[in-house]
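What follows is a short report on a single structure.
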Amino acid sequence: MRRSILPGLLRSVAYNVDHGVVNVALYEIGRVFYGSEGRSQPDEPTFVCGVMSGRRADDAWNQKYPEFDFFDAKGAVEQLLSALRIERVRFKVADPERYTWLQPGRAAEVYANKGELVGWVGNVHPTSLHGFGVDVPVVAFELSVEKLLGLAKRELSYVEVPTLPGVSHDLAIVVDESITCETLVQRITSAGGKLLASVRLFDVYRDPMRVGVGKKSMAFSLEYRAADHTLTSEEVEKTHAKLVEKVLRATGGESGASVPSWNIHTAQWQTPS
């Protein structure tokens with residue numbers, strides 16, 4: 001009795017590759033079996049598991065596709081959880097000793113809502129692939145269906161289309177390599193309060209001479225917006241200054257080049273007199 005759906009899918013990858021199908025993306029929903037001491041019948045939870053190998057399509061004369069990697073599998077998981085309207089999704093680096101079938105540093109546990117573990121995602125370890133006759137890289141994920149359905153929401157939240165202008169501000173923060181993007185986004189979101197409408201990472205820069213050994217500069221695009229009035233430059237600068245102070249204090253980072261760009265998304269900006 002299987003304890004994971006992954007082995008069966010890896011056999012399918014090997015079969016496809018051996019027969020000339022190099023771009024493989026498969027998933028399966030099914031039961032697994034966990035025995036426990038003192039019980040005559042095993043637990044039979046249902047999981048959904050997916051594997052991706054090769055590329056999403058063959059190259060064309062005007063388009064070349066990269067090989068599937070960790071972020072493709074992570075994106076598939078994020079899309080699934082988003083479709084189920086599951087909130088507060090987080091990814092935490094997986095412990096190599098617990099997830100021995102995945103590559104260290106290229107695997108993560110998937111958490112949702114109030115820190116509930118729903119599954120994992122990552123690159124399958126070459127040793128594990130070799131055991132199933134697979135000689136090409138494979139990324140995979142496996143999630144608990146019961147937990148997904150328990151966290152899913154049937155109601156569709158409605159957010160009105162903004163009618164007031166938003167203000168964009170770029171922020172670069174120099175932090176230790178150990179600080180993840182997720183941590184910074186969480187700190188920025190928490191510090192931004194109600195006026196911070198969105199946060200987007202757009203650049204990661206590493207240079208031992210300019211940034212420092214074991215350091216990286218992460219640049220974010222922040223959008224500030226109020227629902228009931230047009231923001232003034234003084235409001236944004238005050239909120240942004242507090243945000244930077246809180247984030248640097250919480251992460252031990254240093255402020256890099258911060259370039260304000262007063263981009264208006266729904267109306268022409270005019271500086272208040």
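Numbering starts fresh at 1 for the residues of each chain in the structure tokens, the chains themselves are lettered A, B, ... in the order given, and ligands are numbered from 1 as they appear.
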*Can you pull out every residue within 8 Å of Glu44 in chain A, counting only C-alpha atoms, but drop anything in the same chain fewer than 6 positions away, and send it as a PyMOL selection string?*
chain A and resi 31-34
*Gln186 in chain A: which residues within 12 Å, counting only C-alpha atoms, same-chain residues fewer than 3 positions away excluded, as number ranges by chain?*
A: 88-91, 179-183, 189-193, 198-200, 243, 246-247, 250-251
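For the choices A:Lys215, A:Ile86, A:Val138, A:Val121, the atom-to-atom distance to Ser157 in chain A is smallest for A:Ile86 when using only C-alpha atoms.
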_Residue among A:Leu156, A:Gly166, A:Gly256, A:Asp43 lying closest to Thr232 in chain A, counting only C-alpha atoms_ = A:Gly166
Given only C-alpha atoms, how would the per-residue table for range 143-166 of chain A near range 76-80 of chain A read, listing every residue at most 12 Å away with its closest atom pair and distance in Å to one decimal, sorted by chain and number, as a tab-separated table?
```
residue	atom	partner	partner_atom	distance
A:Leu143	CA	A:Val77	CA	8.7
A:Ser144	CA	A:Val77	CA	11.8
A:Val145	CA	A:Leu80	CA	11.3
A:Leu148	CA	A:Leu80	CA	9.4
A:Leu149	CA	A:Leu80	CA	11.4
A:Ala152	CA	A:Leu80	CA	10.5
```
Please save N, CA and C atoms of the selected residues as a CSV table (one decimal), in the first residue's frame.
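The new file result-v8.csv reads:
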```
chain,number,residue,atom,x,y,z
A,143,LEU,N,-0.2,17.6,-2.0
A,143,LEU,CA,-1.0,18.4,-1.0
A,143,LEU,C,-2.2,17.5,-0.5
A,144,SER,N,-2.6,17.8,0.7
A,144,SER,CA,-3.7,17.0,1.3
A,144,SER,C,-5.0,17.6,0.8
A,145,VAL,N,-5.8,16.7,0.2
A,145,VAL,CA,-7.1,17.2,-0.3
A,145,VAL,C,-8.1,17.6,0.8
A,148,LEU,N,-7.2,21.0,2.0
A,148,LEU,CA,-7.5,22.0,1.0
A,148,LEU,C,-9.0,22.3,1.0
A,149,LEU,N,-9.8,21.2,1.1
A,149,LEU,CA,-11.3,21.4,1.1
A,149,LEU,C,-11.7,22.0,2.4
A,152,ALA,N,-10.8,25.8,2.0
A,152,ALA,CA,-11.4,26.5,0.9
A,152,ALA,C,-12.7,27.3,1.2
```
_Counting only C-alpha atoms, the option among A:Arg85, A:His130, A:Arg11, A:His125 closest to Asn113 in chain A_ =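 Comparing A:Arg85, A:His130, A:Arg11, A:His125 against Asn113 in chain A, the winner is A:Arg85.
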*So which bits of range 58-258 of chain A end up strand (DSSP E or B) when you DSSP the backbone, as a ChimeraX atom specification?*
/A:60,63,67,90-93,102-112,116-124,139-144,167-176,196-205,215-224,254-255
_Which residue is closest to Asn23 in chain A? Choose from A:Arg55, A:His169, A:Arg3, A:Lys216 and count only C-alpha atoms._
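Ranking A:Arg55, A:His169, A:Arg3, A:Lys216 by distance to Asn23 in chain A, first place goes to A:Arg55.
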*Among range 9-146 of chain A, which ones does DSSP place in alpha helix (DSSP H), written as a ChimeraX atom specification?*
/A:9-18,70-83,126-131,145-146
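The residue that comes closest to Ala14 in chain A, out of A:Ser53, A:Thr46, A:Gln41, A:Thr100 and on the basis of only C-alpha atoms, is A:Ser53.
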_Of the listed residues A:Met209, A:Ala107, A:Ala140, A:Ala94, that which approaches Leu9 in chain A most closely, counting only C-alpha atoms_ = A:Ala140
